[in-house]
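Have a look at entry33.cif below; it lists mmCIF, C-alpha atoms (C1' of nucleotides) and all ligand atoms.
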data_work
#
loop_
_atom_site.label_atom_id
_atom_site.label_comp_id
_atom_site.auth_asym_id
_atom_site.auth_seq_id
_atom_site.Cartn_x
_atom_site.Cartn_y
_atom_site.Cartn_z
CA MET A 1 133.05 54.78 249.66
CA PRO A 2 131.39 51.98 247.66
CA THR A 3 133.51 48.94 247.00
CA ALA A 4 133.03 45.79 244.98
CA PHE A 5 131.41 44.25 248.03
CA LEU A 6 128.60 46.77 248.39
CA PRO A 7 127.41 47.40 244.89
CA ILE A 8 123.77 46.48 245.43
CA ARG A 9 122.32 49.79 246.52
CA PRO A 10 124.01 52.43 244.38
CA ASP A 11 125.52 55.37 246.19
CA MET A 12 122.86 58.06 246.49
CA LYS A 13 125.32 60.88 246.07
CA ALA A 14 126.54 59.40 242.84
CA THR A 15 123.01 59.06 241.46
CA ILE A 16 122.23 62.64 242.31
CA ALA A 17 125.47 63.79 240.76
CA GLU A 18 124.52 61.92 237.61
CA ILE A 19 121.17 63.66 237.40
CA LEU A 20 122.87 67.03 237.71
CA LYS A 21 125.55 66.17 235.16
CA ARG A 22 123.04 64.82 232.68
CA ASN A 23 121.35 68.22 232.83
CA GLN A 24 124.59 70.17 232.54
CA LEU A 25 124.36 71.59 236.02
CA SER A 26 127.35 72.04 238.30
CA ILE A 27 127.28 69.81 241.33
CA THR A 28 126.82 72.11 244.29
CA GLU A 29 125.93 71.57 247.90
CA SER A 30 122.50 73.17 247.70
CA ARG A 31 121.43 71.32 244.57
CA THR A 32 122.62 68.02 245.98
CA LYS A 33 120.89 68.56 249.31
CA ILE A 34 117.59 69.66 247.77
CA LEU A 35 117.52 66.75 245.31
CA GLU A 36 118.26 64.43 248.22
CA LEU A 37 115.30 65.85 250.12
CA PHE A 38 112.96 65.11 247.22
CA GLN A 39 114.29 61.57 246.90
CA ASP A 40 114.10 60.86 250.62
CA THR A 41 110.59 62.16 251.25
CA GLY A 42 109.18 60.85 247.98
CA ASN A 43 106.30 63.30 248.13
CA ALA A 44 105.79 66.88 247.02
CA LEU A 45 107.55 69.71 248.82
CA SER A 46 106.94 73.43 249.04
CA HIS A 47 109.58 76.11 249.16
CA SER A 48 108.94 76.69 252.85
CA MET A 49 109.20 72.98 253.71
CA ILE A 50 112.59 72.90 252.03
CA GLU A 51 113.60 76.05 253.85
CA GLN A 52 112.65 74.44 257.16
CA GLU A 53 114.46 71.19 256.41
CA THR A 54 117.67 72.82 255.29
CA GLY A 55 117.63 75.33 258.13
CA LYS A 56 120.07 78.12 257.60
CA GLU A 57 122.30 76.05 255.36
CA PHE A 58 121.31 78.04 252.27
CA ASP A 59 119.82 81.38 251.49
CA ARG A 60 116.11 81.64 250.58
CA VAL A 61 117.11 83.01 247.20
CA THR A 62 119.28 79.99 246.48
CA ILE A 63 116.34 77.69 247.12
CA TYR A 64 114.13 79.71 244.78
CA ARG A 65 116.76 79.65 242.06
CA THR A 66 117.46 75.95 242.53
CA LEU A 67 113.78 75.08 242.21
CA GLN A 68 113.44 77.26 239.12
CA THR A 69 116.44 75.61 237.52
CA PHE A 70 115.15 72.13 238.31
CA VAL A 71 111.76 72.95 236.79
CA GLU A 72 113.36 74.34 233.64
CA LYS A 73 115.56 71.28 233.27
CA GLY A 74 112.66 68.90 233.74
CA ILE A 75 113.96 67.44 237.00
CA ILE A 76 110.94 68.50 239.05
CA HIS A 77 107.45 69.73 238.16
CA THR A 78 105.04 72.13 239.86
CA ILE A 79 101.66 71.11 241.21
CA PRO A 80 98.71 73.51 241.25
CA THR A 81 96.78 73.39 244.51
CA ALA A 82 93.30 74.49 245.54
CA ASP A 83 94.71 76.90 248.10
CA ASN A 84 97.14 78.27 245.54
CA SER A 85 100.37 77.40 247.25
CA VAL A 86 103.26 76.19 245.11
CA LEU A 87 104.33 72.56 245.37
CA TYR A 88 107.14 70.70 243.60
CA ALA A 89 107.77 67.02 243.00
CA LEU A 90 110.33 64.88 241.19
CA CYS A 91 109.56 64.07 237.58
CA LYS A 92 109.50 60.32 237.17
CA GLU A 93 108.84 60.24 233.47
CA ALA A 94 111.23 61.32 230.78
CA CYS A 95 110.94 65.06 231.16
CA THR A 96 113.59 67.17 229.50
CA GLN A 97 114.68 70.78 229.24
CA GLY A 98 111.55 72.85 228.77
CA HIS A 99 109.47 69.79 227.92
CA HIS A 100 107.48 68.24 230.71
CA HIS A 101 105.34 65.13 230.39
CA ASP A 102 103.86 64.94 233.85
CA ASN A 103 100.29 64.26 232.81
CA HIS A 104 99.36 62.42 235.98
CA VAL A 105 96.81 63.07 238.71
CA HIS A 106 97.83 64.59 242.05
CA PHE A 107 96.29 63.88 245.42
CA ILE A 108 96.41 66.20 248.43
CA CYS A 109 95.45 64.89 251.86
CA ASP A 110 93.27 67.35 253.78
CA GLN A 111 94.43 65.81 257.06
CA CYS A 112 98.21 65.29 256.91
CA ASN A 113 98.66 67.70 254.02
CA THR A 114 100.84 65.26 252.10
CA THR A 115 100.75 65.59 248.33
CA TYR A 116 101.15 62.45 246.21
CA CYS A 117 101.99 62.07 242.54
CA LEU A 118 99.66 59.33 241.29
CA ASP A 119 102.08 58.49 238.52
CA ASN A 120 100.05 55.72 236.99
CA ILE A 121 96.78 57.61 236.82
CA SER A 122 96.76 59.80 233.72
CA THR A 123 94.73 62.97 233.40
CA PRO A 124 91.58 62.20 231.39
CA ASP A 125 90.74 63.64 227.99
CA ILE A 126 88.15 66.39 228.30
CA LYS A 127 85.78 67.14 225.45
CA LEU A 128 85.90 70.92 225.16
CA PRO A 129 83.36 73.23 223.49
CA LYS A 130 83.89 74.08 219.80
CA GLY A 131 86.86 76.35 219.18
CA PHE A 132 88.76 75.52 222.34
CA ILE A 133 92.12 73.79 221.97
CA GLN A 134 93.68 71.92 224.88
CA THR A 135 97.42 71.98 225.49
CA GLN A 136 97.59 71.02 229.18
CA THR A 137 95.40 69.44 231.82
CA ASP A 138 95.91 69.68 235.57
CA LEU A 139 93.85 67.48 237.83
CA VAL A 140 94.13 67.64 241.60
CA VAL A 141 92.05 65.44 243.88
CA SER A 142 91.85 66.20 247.57
CA GLY A 143 90.54 64.06 250.40
CA ILE A 144 91.96 61.54 252.88
CA CYS A 145 95.10 59.60 252.05
CA LYS A 146 95.70 55.93 252.76
CA ASN A 147 97.87 56.72 255.79
CA CYS A 148 95.27 58.90 257.47
CA ASN A 149 92.38 56.64 256.49
CA SER A 150 91.58 54.90 259.80
CA MET B 1 63.95 103.55 237.03
CA PRO B 2 62.14 100.48 235.63
CA THR B 3 58.49 100.96 234.79
CA ALA B 4 55.76 98.65 233.56
CA PHE B 5 56.97 99.33 230.05
CA LEU B 6 60.52 98.06 230.59
CA PRO B 7 60.10 94.94 232.64
CA ILE B 8 61.92 92.59 230.30
CA ARG B 9 65.46 93.03 231.49
CA PRO B 10 65.31 93.18 235.28
CA ASP B 11 67.14 96.01 236.96
CA MET B 12 70.69 94.85 237.61
CA LYS B 13 71.04 96.78 240.85
CA ALA B 14 67.93 95.14 242.21
CA THR B 15 69.19 91.67 241.33
CA ILE B 16 72.51 92.31 243.00
CA ALA B 17 70.80 93.68 246.08
CA GLU B 18 68.71 90.53 246.21
CA ILE B 19 71.79 88.33 246.12
CA LEU B 20 73.30 90.26 249.00
CA LYS B 21 70.09 90.21 251.02
CA ARG B 22 69.56 86.50 250.45
CA ASN B 23 73.00 85.99 251.99
CA GLN B 24 72.38 88.33 254.91
CA LEU B 25 74.97 90.83 253.80
CA SER B 26 74.52 94.57 254.07
CA ILE B 27 74.23 96.29 250.72
CA THR B 28 77.34 98.40 250.42
CA GLU B 29 78.98 100.23 247.56
CA SER B 30 81.99 97.95 247.31
CA ARG B 31 80.02 94.72 247.40
CA THR B 32 77.59 96.01 244.79
CA LYS B 33 80.35 97.23 242.50
CA ILE B 34 82.38 94.04 242.75
CA LEU B 35 79.37 91.79 242.11
CA GLU B 36 78.51 93.98 239.13
CA LEU B 37 82.00 93.47 237.76
CA PHE B 38 81.64 89.69 237.91
CA GLN B 39 78.25 89.83 236.21
CA ASP B 40 79.42 92.19 233.47
CA THR B 41 82.63 90.39 232.51
CA GLY B 42 81.16 86.91 232.89
CA ASN B 43 84.62 85.40 233.29
CA ALA B 44 86.95 84.84 236.20
CA LEU B 45 88.67 87.77 237.89
CA SER B 46 91.72 88.10 240.09
CA HIS B 47 92.13 90.46 243.00
CA SER B 48 94.45 92.67 240.96
CA MET B 49 92.04 92.86 238.02
CA ILE B 50 89.32 94.04 240.39
CA GLU B 51 91.70 96.52 241.95
CA GLN B 52 92.51 97.90 238.50
CA GLU B 53 88.87 98.15 237.45
CA THR B 54 87.69 99.86 240.61
CA GLY B 55 90.68 102.18 240.69
CA LYS B 56 91.00 103.98 243.99
CA GLU B 57 87.32 103.62 244.78
CA PHE B 58 88.00 101.10 247.53
CA ASP B 59 90.89 100.04 249.69
CA ARG B 60 92.83 96.89 248.80
CA VAL B 61 91.83 95.40 252.11
CA THR B 62 88.15 95.93 251.39
CA ILE B 63 88.48 93.98 248.16
CA TYR B 64 90.22 91.12 249.97
CA ARG B 65 87.51 91.05 252.63
CA THR B 66 84.70 91.28 250.10
CA LEU B 67 86.09 88.35 248.10
CA GLN B 68 86.54 86.30 251.28
CA THR B 69 82.98 86.99 252.33
CA PHE B 70 81.61 86.10 248.90
CA VAL B 71 83.50 82.81 248.90
CA GLU B 72 82.25 81.94 252.38
CA LYS B 73 78.66 82.73 251.40
CA GLY B 74 78.87 80.64 248.23
CA ILE B 75 78.46 83.60 245.89
CA ILE B 76 81.80 83.10 244.16
CA HIS B 77 84.32 80.24 244.03
CA THR B 78 88.08 80.13 243.68
CA ILE B 79 89.89 78.54 240.75
CA PRO B 80 93.30 76.86 241.14
CA THR B 81 95.70 77.79 238.36
CA ALA B 82 98.90 76.27 237.05
CA ASP B 83 100.85 79.43 237.83
CA ASN B 84 99.32 79.57 241.30
CA SER B 85 97.58 82.89 241.05
CA VAL B 86 94.16 83.22 242.69
CA LEU B 87 91.10 83.56 240.49
CA TYR B 88 87.44 83.99 241.43
CA ALA B 89 84.23 83.43 239.47
CA LEU B 90 80.50 83.59 240.14
CA CYS B 91 78.88 80.39 241.33
CA LYS B 92 76.10 79.49 238.94
CA GLU B 93 74.90 76.42 240.73
CA ALA B 94 73.14 76.37 244.05
CA CYS B 95 76.10 77.06 246.30
CA THR B 96 75.33 78.06 249.86
CA GLN B 97 77.13 79.22 252.99
CA GLY B 98 80.18 77.01 253.37
CA HIS B 99 78.88 74.49 250.86
CA HIS B 100 80.11 74.81 247.31
CA HIS B 101 79.05 72.62 244.41
CA ASP B 102 81.21 73.97 241.63
CA ASN B 103 82.34 70.65 240.25
CA HIS B 104 82.92 71.93 236.74
CA VAL B 105 85.99 72.15 234.54
CA HIS B 106 87.88 75.44 234.11
CA PHE B 107 89.69 76.61 231.01
CA ILE B 108 92.51 79.15 230.94
CA CYS B 109 93.59 80.68 227.64
CA ASP B 110 97.37 80.89 227.31
CA GLN B 111 97.01 83.73 224.84
CA CYS B 112 94.41 86.20 226.15
CA ASN B 113 94.60 84.86 229.70
CA THR B 114 90.83 84.67 230.04
CA THR B 115 89.52 82.02 232.40
CA TYR B 116 86.22 80.32 231.62
CA CYS B 117 83.92 78.29 233.83
CA LEU B 118 82.81 75.37 231.66
CA ASP B 119 79.67 74.98 233.70
CA ASN B 120 78.26 72.08 231.78
CA ILE B 121 81.40 69.98 231.80
CA SER B 122 81.64 68.14 235.11
CA THR B 123 84.88 66.98 236.66
CA PRO B 124 85.31 63.25 235.95
CA ASP B 125 85.35 60.52 238.55
CA ILE B 126 88.90 59.34 239.20
CA LYS B 127 89.60 55.80 240.35
CA LEU B 128 92.04 56.26 243.21
CA PRO B 129 94.40 53.68 244.73
CA LYS B 130 93.13 51.63 247.67
CA GLY B 131 92.70 53.61 250.88
CA PHE B 132 92.40 57.02 249.28
CA ILE B 133 89.09 58.85 249.70
CA GLN B 134 88.13 61.67 247.38
CA THR B 135 86.27 64.71 248.63
CA GLN B 136 87.04 67.25 245.92
CA THR B 137 88.34 67.33 242.36
CA ASP B 138 89.80 70.34 240.59
CA LEU B 139 90.41 70.16 236.87
CA VAL B 140 91.95 73.01 234.93
CA VAL B 141 92.58 72.81 231.20
CA SER B 142 94.77 75.38 229.50
CA GLY B 143 95.22 76.10 225.82
CA ILE B 144 93.70 78.44 223.22
CA CYS B 145 90.15 79.74 223.69
CA LYS B 146 87.56 80.11 220.98
CA ASN B 147 88.14 83.86 220.69
CA CYS B 148 91.88 83.53 220.15
CA ASN B 149 91.55 80.47 217.91
CA SER B 150 92.32 81.81 214.38
"C1'" DT C 1 147.75 69.91 241.89
"C1'" DA C 2 147.38 74.81 240.63
"C1'" DA C 3 145.71 78.45 237.83
"C1'" DT C 4 141.98 80.34 235.33
"C1'" DG C 5 137.47 81.34 233.54
"C1'" DT C 6 132.63 80.29 234.42
"C1'" DT C 7 128.82 79.42 237.29
"C1'" DT C 8 126.57 79.75 241.53
"C1'" DT C 9 125.73 81.78 245.91
"C1'" DG C 10 124.67 85.21 249.64
"C1'" DC C 11 123.35 89.57 250.69
"C1'" DA C 12 120.70 93.67 250.36
"C1'" DA C 13 117.11 95.90 248.58
"C1'" DC C 14 112.83 95.90 246.56
"C1'" DG C 15 107.81 94.90 244.85
"C1'" DA C 16 103.72 92.19 245.18
"C1'" DT C 17 100.50 89.84 247.90
"C1'" DG C 18 97.89 89.01 251.86
"C1'" DT C 19 96.61 89.69 257.07
"C1'" DT C 20 95.32 92.09 261.41
"C1'" DG C 21 93.77 95.75 264.93
"C1'" DC C 22 91.39 99.64 265.55
"C1'" DA C 23 88.87 103.97 264.99
"C1'" DA C 24 85.73 106.27 261.78
"C1'" DA C 25 82.05 105.79 258.57
"C1'" DT C 26 78.19 103.44 256.77
"C1'" DT C 27 74.21 100.52 256.95
"C1'" DC C 28 70.15 98.65 259.10
"C1'" DA C 29 66.30 98.31 262.16
"C1'" DA C 30 63.57 100.30 265.64
"C1'" DT D 1 65.80 109.91 263.45
"C1'" DT D 2 68.45 107.52 266.51
"C1'" DG D 3 71.36 103.91 268.18
"C1'" DA D 4 73.50 99.36 267.61
"C1'" DA D 5 75.84 96.49 264.48
"C1'" DT D 6 78.43 95.98 260.49
"C1'" DT D 7 81.73 97.50 257.25
"C1'" DT D 8 85.42 100.33 255.72
"C1'" DG D 9 90.01 102.74 255.49
"C1'" DC D 10 94.29 103.24 257.33
"C1'" DA D 11 98.58 101.81 259.24
"C1'" DA D 12 101.47 98.40 260.29
"C1'" DC D 13 103.06 94.05 259.56
"C1'" DA D 14 104.26 89.20 257.59
"C1'" DT D 15 105.19 86.28 253.78
"C1'" DC D 16 106.48 85.39 249.24
"C1'" DG D 17 109.15 86.04 245.30
"C1'" DT D 18 112.54 88.84 242.21
"C1'" DT D 19 116.79 91.38 240.88
"C1'" DG D 20 121.75 93.29 240.78
"C1'" DC D 21 126.05 92.67 242.21
"C1'" DA D 22 130.30 91.21 244.56
"C1'" DA D 23 132.27 87.10 246.75
"C1'" DA D 24 132.63 82.19 246.78
"C1'" DA D 25 132.44 77.74 244.74
"C1'" DC D 26 132.93 74.90 240.83
"C1'" DA D 27 134.77 72.90 236.40
"C1'" DT D 28 138.44 72.78 233.16
"C1'" DT D 29 142.84 72.92 231.51
"C1'" DA D 30 147.55 72.81 232.02
MN MN A 201 103.50 64.88 240.07
MN MN A 202 83.97 78.07 237.86
ZN ZN A 203 97.11 62.01 254.89
ZN ZN A 204 91.90 83.54 224.59
#
Can I see the file as structure tokens?
Ligand SMILES: [Mn+2]
Ligand SMILES: [Mn+2]
Ligand SMILES: [Zn+2]
Ligand SMILES: [Zn+2]
Amino acid sequence: MPTAFLPIRPDMKATIAEILKRNQLSITESRTKILELFQDTGNALSHSMIEQETGKEFDRVTIYRTLQTFVEKGIIHTIPTADNSVLYALCKEACTQGHHHDNHVHFICDQCNTTYCLDNISTPDIKLPKGFIQTQTDLVVSGICKNCNS
Amino acid sequence: MPTAFLPIRPDMKATIAEILKRNQLSITESRTKILELFQDTGNALSHSMIEQETGKEFDRVTIYRTLQTFVEKGIIHTIPTADNSVLYALCKEACTQGHHHDNHVHFICDQCNTTYCLDNISTPDIKLPKGFIQTQTDLVVSGICKNCNS
DNA sequence: TAATGTTTTGCAACGATGTTGCAAATTCAA
DNA sequence: TTGAATTTGCAACATCGTTGCAAAACATTA
């Protein structure tokens, strides 16, 4: 329990609880654990990675529903991948209920398979042919990440 | 049958047969029909669209294997989508066995769901953080296409 | 803290998607 | 035309994702 002597690093549980409260979600074990996972790894996670990490703690269906809820609330966003698997990552910008603003580039390492949100690289403006109207841009770069690079 | 009097539009069947031959693939009914479909629609197709179009002519598995083969040979390429469904489209550039060069932007219409290859819009160069090496870039824009636009 | 209404979870069952092994059919080349 | 090689269809299976419903957990109020 945090006291007046250890206030420097805020209690993780509390922070997670705040995120859930702010989004009007009940604080449950599965939601807390899954949010924790995202915070701890920092990178993108797939449903199956989460399933592996949490073992038999929760049902598959609960994980699906938790991820759906988080996406709807703007807590996490999905990442399209070249091999068409579904990835999720924490939203760092001010995303809200049904209104995402994750217009950043994603990077997938071909070697270690880690997916990074390049939060400070925005997706470029594309000049489309006449008559086409753009509402969303997804840009995914793949290659070798800085950890795997020699 | 084309004669000397109708040489302007080359026989489609012949062209398709040539594509298959050039790639050392036997000319079979399913391959011919599926290639025809891509040529006729012009846009991207999913496995299920092809299954619907061809009805019960071929087995599901045959369609999967045909698409795989075409991708390997560089006849078609896959398109990553935001909702993580798999789309395929004809390669128009000089793609060869295991070596694709489809570095163009894709556009998906939110309304009619048509997916376009914007062949003359190249994917932009992205300046990555130190240590990251880029080998591939996928850029998908979604919005309203010129047909659905007013 | 205890009771109560609301939300979330686990389970079972299901549909869609994609893969593999193998025998039969088709294609190709001699 | 024949025989070898390739391709196909079928069956069986694995993975992924969804839904309905009863039980459990959670939030709220007293
Ligand atoms: Mn991201
Ligand atoms: Mn394309
Ligand atoms: Zn890596
Ligand atoms: Zn359209």
Any chance you could dump chain A, least-squares fitted to chain B on all C-alpha atoms in order, as a short mmCIF file (atom, residue, chain, number, x, y, z; two decimals) with C-alpha atoms, in the frame of the given file?
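To be explicit, this is the file written out as part-v7.cif:
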data_model
loop_
_atom_site.label_atom_id
_atom_site.label_comp_id
_atom_site.auth_asym_id
_atom_site.auth_seq_id
_atom_site.Cartn_x
_atom_site.Cartn_y
_atom_site.Cartn_z
CA MET A 1 63.84 103.73 237.66
CA PRO A 2 62.01 100.73 236.16
CA THR A 3 58.38 101.26 235.31
CA ALA A 4 55.61 99.01 234.07
CA PHE A 5 56.76 99.77 230.55
CA LEU A 6 60.30 98.46 230.92
CA PRO A 7 59.96 95.29 232.89
CA ILE A 8 61.66 92.98 230.40
CA ARG A 9 65.27 93.26 231.48
CA PRO A 10 65.23 93.36 235.27
CA ASP A 11 67.16 96.15 236.91
CA MET A 12 70.71 94.93 237.50
CA LYS A 13 71.07 96.80 240.75
CA ALA A 14 67.97 95.16 242.10
CA THR A 15 69.20 91.68 241.18
CA ILE A 16 72.51 92.30 242.86
CA ALA A 17 70.77 93.66 245.92
CA GLU A 18 68.70 90.50 246.04
CA ILE A 19 71.77 88.29 245.97
CA LEU A 20 73.26 90.23 248.86
CA LYS A 21 70.03 90.18 250.86
CA ARG A 22 69.50 86.48 250.30
CA ASN A 23 72.92 85.95 251.88
CA GLN A 24 72.27 88.32 254.77
CA LEU A 25 74.86 90.81 253.65
CA SER A 26 74.40 94.56 253.90
CA ILE A 27 74.16 96.28 250.56
CA THR A 28 77.28 98.39 250.26
CA GLU A 29 78.94 100.21 247.42
CA SER A 30 81.96 97.93 247.22
CA ARG A 31 79.97 94.70 247.28
CA THR A 32 77.57 95.99 244.66
CA LYS A 33 80.36 97.20 242.39
CA ILE A 34 82.39 93.99 242.66
CA LEU A 35 79.37 91.76 242.02
CA GLU A 36 78.55 93.94 239.02
CA LEU A 37 82.05 93.43 237.67
CA PHE A 38 81.68 89.66 237.85
CA GLN A 39 78.30 89.80 236.12
CA ASP A 40 79.48 92.15 233.39
CA THR A 41 82.69 90.35 232.46
CA GLY A 42 81.22 86.87 232.85
CA ASN A 43 84.66 85.36 233.26
CA ALA A 44 86.99 84.80 236.19
CA LEU A 45 88.70 87.73 237.87
CA SER A 46 91.74 88.05 240.09
CA HIS A 47 92.12 90.40 243.00
CA SER A 48 94.45 92.63 241.00
CA MET A 49 92.08 92.82 238.02
CA ILE A 50 89.34 94.00 240.36
CA GLU A 51 91.72 96.48 241.93
CA GLN A 52 92.54 97.87 238.49
CA GLU A 53 88.91 98.09 237.42
CA THR A 54 87.71 99.81 240.55
CA GLY A 55 90.68 102.16 240.65
CA LYS A 56 90.98 103.94 243.93
CA GLU A 57 87.30 103.60 244.71
CA PHE A 58 87.97 101.07 247.48
CA ASP A 59 90.83 100.01 249.64
CA ARG A 60 92.78 96.83 248.79
CA VAL A 61 91.74 95.38 252.12
CA THR A 62 88.07 95.91 251.34
CA ILE A 63 88.44 93.95 248.12
CA TYR A 64 90.15 91.09 249.96
CA ARG A 65 87.43 91.01 252.60
CA THR A 66 84.65 91.24 250.03
CA LEU A 67 86.04 88.31 248.06
CA GLN A 68 86.46 86.26 251.23
CA THR A 69 82.89 86.98 252.27
CA PHE A 70 81.55 86.07 248.83
CA VAL A 71 83.45 82.78 248.86
CA GLU A 72 82.16 81.91 252.33
CA LYS A 73 78.60 82.70 251.33
CA GLY A 74 78.82 80.63 248.17
CA ILE A 75 78.42 83.58 245.81
CA ILE A 76 81.77 83.08 244.10
CA HIS A 77 84.28 80.22 244.01
CA THR A 78 88.07 80.11 243.69
CA ILE A 79 89.89 78.53 240.78
CA PRO A 80 93.29 76.88 241.19
CA THR A 81 95.70 77.79 238.41
CA ALA A 82 98.92 76.26 237.12
CA ASP A 83 100.86 79.42 237.92
CA ASN A 84 99.33 79.54 241.38
CA SER A 85 97.56 82.85 241.14
CA VAL A 86 94.14 83.18 242.74
CA LEU A 87 91.10 83.53 240.50
CA TYR A 88 87.43 83.96 241.41
CA ALA A 89 84.24 83.39 239.45
CA LEU A 90 80.51 83.57 240.07
CA CYS A 91 78.87 80.38 241.27
CA LYS A 92 76.12 79.46 238.86
CA GLU A 93 74.89 76.40 240.67
CA ALA A 94 73.12 76.36 243.99
CA CYS A 95 76.06 77.02 246.26
CA THR A 96 75.29 78.04 249.81
CA GLN A 97 77.06 79.19 252.94
CA GLY A 98 80.13 77.01 253.34
CA HIS A 99 78.84 74.48 250.82
CA HIS A 100 80.09 74.80 247.29
CA HIS A 101 79.03 72.58 244.40
CA ASP A 102 81.21 73.94 241.64
CA ASN A 103 82.38 70.61 240.27
CA HIS A 104 82.97 71.89 236.76
CA VAL A 105 86.05 72.12 234.56
CA HIS A 106 87.92 75.41 234.12
CA PHE A 107 89.74 76.58 231.03
CA ILE A 108 92.55 79.13 230.96
CA CYS A 109 93.64 80.65 227.66
CA ASP A 110 97.43 80.86 227.35
CA GLN A 111 97.06 83.72 224.86
CA CYS A 112 94.44 86.17 226.17
CA ASN A 113 94.64 84.85 229.72
CA THR A 114 90.87 84.64 230.04
CA THR A 115 89.57 81.99 232.42
CA TYR A 116 86.25 80.29 231.61
CA CYS A 117 83.96 78.25 233.83
CA LEU A 118 82.87 75.32 231.65
CA ASP A 119 79.72 74.94 233.69
CA ASN A 120 78.32 72.01 231.78
CA ILE A 121 81.47 69.91 231.83
CA SER A 122 81.70 68.08 235.14
CA THR A 123 84.95 66.94 236.69
CA PRO A 124 85.40 63.22 235.99
CA ASP A 125 85.46 60.49 238.61
CA ILE A 126 89.01 59.34 239.27
CA LYS A 127 89.71 55.81 240.45
CA LEU A 128 92.15 56.29 243.31
CA PRO A 129 94.54 53.72 244.82
CA LYS A 130 93.27 51.65 247.77
CA GLY A 131 92.86 53.65 250.97
CA PHE A 132 92.51 57.05 249.36
CA ILE A 133 89.20 58.86 249.77
CA GLN A 134 88.22 61.68 247.44
CA THR A 135 86.34 64.73 248.70
CA GLN A 136 87.13 67.27 245.96
CA THR A 137 88.41 67.34 242.41
CA ASP A 138 89.86 70.35 240.62
CA LEU A 139 90.47 70.14 236.91
CA VAL A 140 92.01 73.00 234.96
CA VAL A 141 92.64 72.79 231.23
CA SER A 142 94.84 75.35 229.54
CA GLY A 143 95.30 76.07 225.86
CA ILE A 144 93.76 78.40 223.26
CA CYS A 145 90.24 79.70 223.70
CA LYS A 146 87.63 80.03 220.98
CA ASN A 147 88.19 83.78 220.69
CA CYS A 148 91.93 83.49 220.15
CA ASN A 149 91.62 80.43 217.92
CA SER A 150 92.26 81.91 214.45
#
*asked:* What's the separation between atom CA of B:Thr78 and atom CA of A:His100, in Å to one decimal place?
replied: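 Computing it gives 26.2 Å between the two atoms.
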*Which residue, B:Ala82, B:Leu90, B:Ile34, B:Cys145, has the smallest gap to ligand MN 202 (chain A) when you use only C-alpha atoms and all ligand atoms?*
B:Leu90
*For chain C, report every residue with an atom at most 10 Å from chain A (counting all atoms listed in the file), formatted as a list of chain:residue names.*
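Residues of chain C within 10 Å of chain A, counting all atoms listed in the file: C:DT7, C:DT8, C:DT9, C:DG10, C:DC11.
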Between chain D and chain A, at 10 Å or less, what are the per-residue closest atom pairs and their distances in Å? Count all atoms listed in the file, order by chain and rising residue number, and return it as a tab-separated table.
residue	atom	partner	partner_atom	distance
D:DC16	C1'	A:Ser48	CA	9.7
D:DG17	C1'	A:Tyr64	CA	8.1
D:DT18	C1'	A:Val61	CA	8.9
D:DA25	C1'	A:Thr28	CA	8.0
D:DC26	C1'	A:Ser26	CA	6.8
D:DA27	C1'	A:Ser26	CA	7.7
*Write down, as JSON, numbers by chain, each residue of chain A that has any atom within 10 Å of an atom of chain B, counting only C-alpha atoms.*
{"A": [78, 79, 80, 81, 82, 83, 84, 85, 86, 87, 105, 106, 107, 108, 109, 110, 118, 120, 121, 122, 123, 124, 125, 126, 127, 128, 129, 130, 131, 132, 133, 134, 135, 136, 137, 138, 139, 140, 141, 142, 143, 144, 145, 146, 147, 148, 149, 150]}
*Counting only C-alpha atoms (C1' of nucleotides) and all ligand atoms, name the residues that have an atom within 9 Å of an atom of ligand MN 202 (chain A); the answer should be given as a PyMOL selection string.*
chain B and resi 43-44+76-79+88-92+102-106+115-119
*For the atom pair atom C1' of D:DT19 and atom C1' of C:DC14, what is the interatomic distance in Å to one decimal place?*
8.3 Å
*Do you have the atom CA of B:Leu67-atom CA of B:Cys112 distance handy?*
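Here the two named atoms are 23.6 Å from each other.
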*Rank B:Gln111, B:Thr41, B:Gln52, B:Asn23 by their smallest atom-to-atom distance to B:Gly98, using all atoms listed in the file, and report the top residue only.*
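For B:Gly98, the nearest of the given residues is B:Asn23.
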*Please identify all polymer residues within 12 Å of D:DA14, counting all atoms listed in the file, omitting same-chain residues fewer than 3 positions from it, and present them as a PyMOL selection string.*
chain C and resi 17-20
*Identify which of the residues A:Thr114, A:Thr15, A:Gln39, A:Thr69 lies closest to ligand ZN 203 (chain A), counting all atoms listed in the file when measuring atom-to-atom distances.*
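That would be A:Thr114, the residue with the smallest distance to ligand ZN 203 (chain A).
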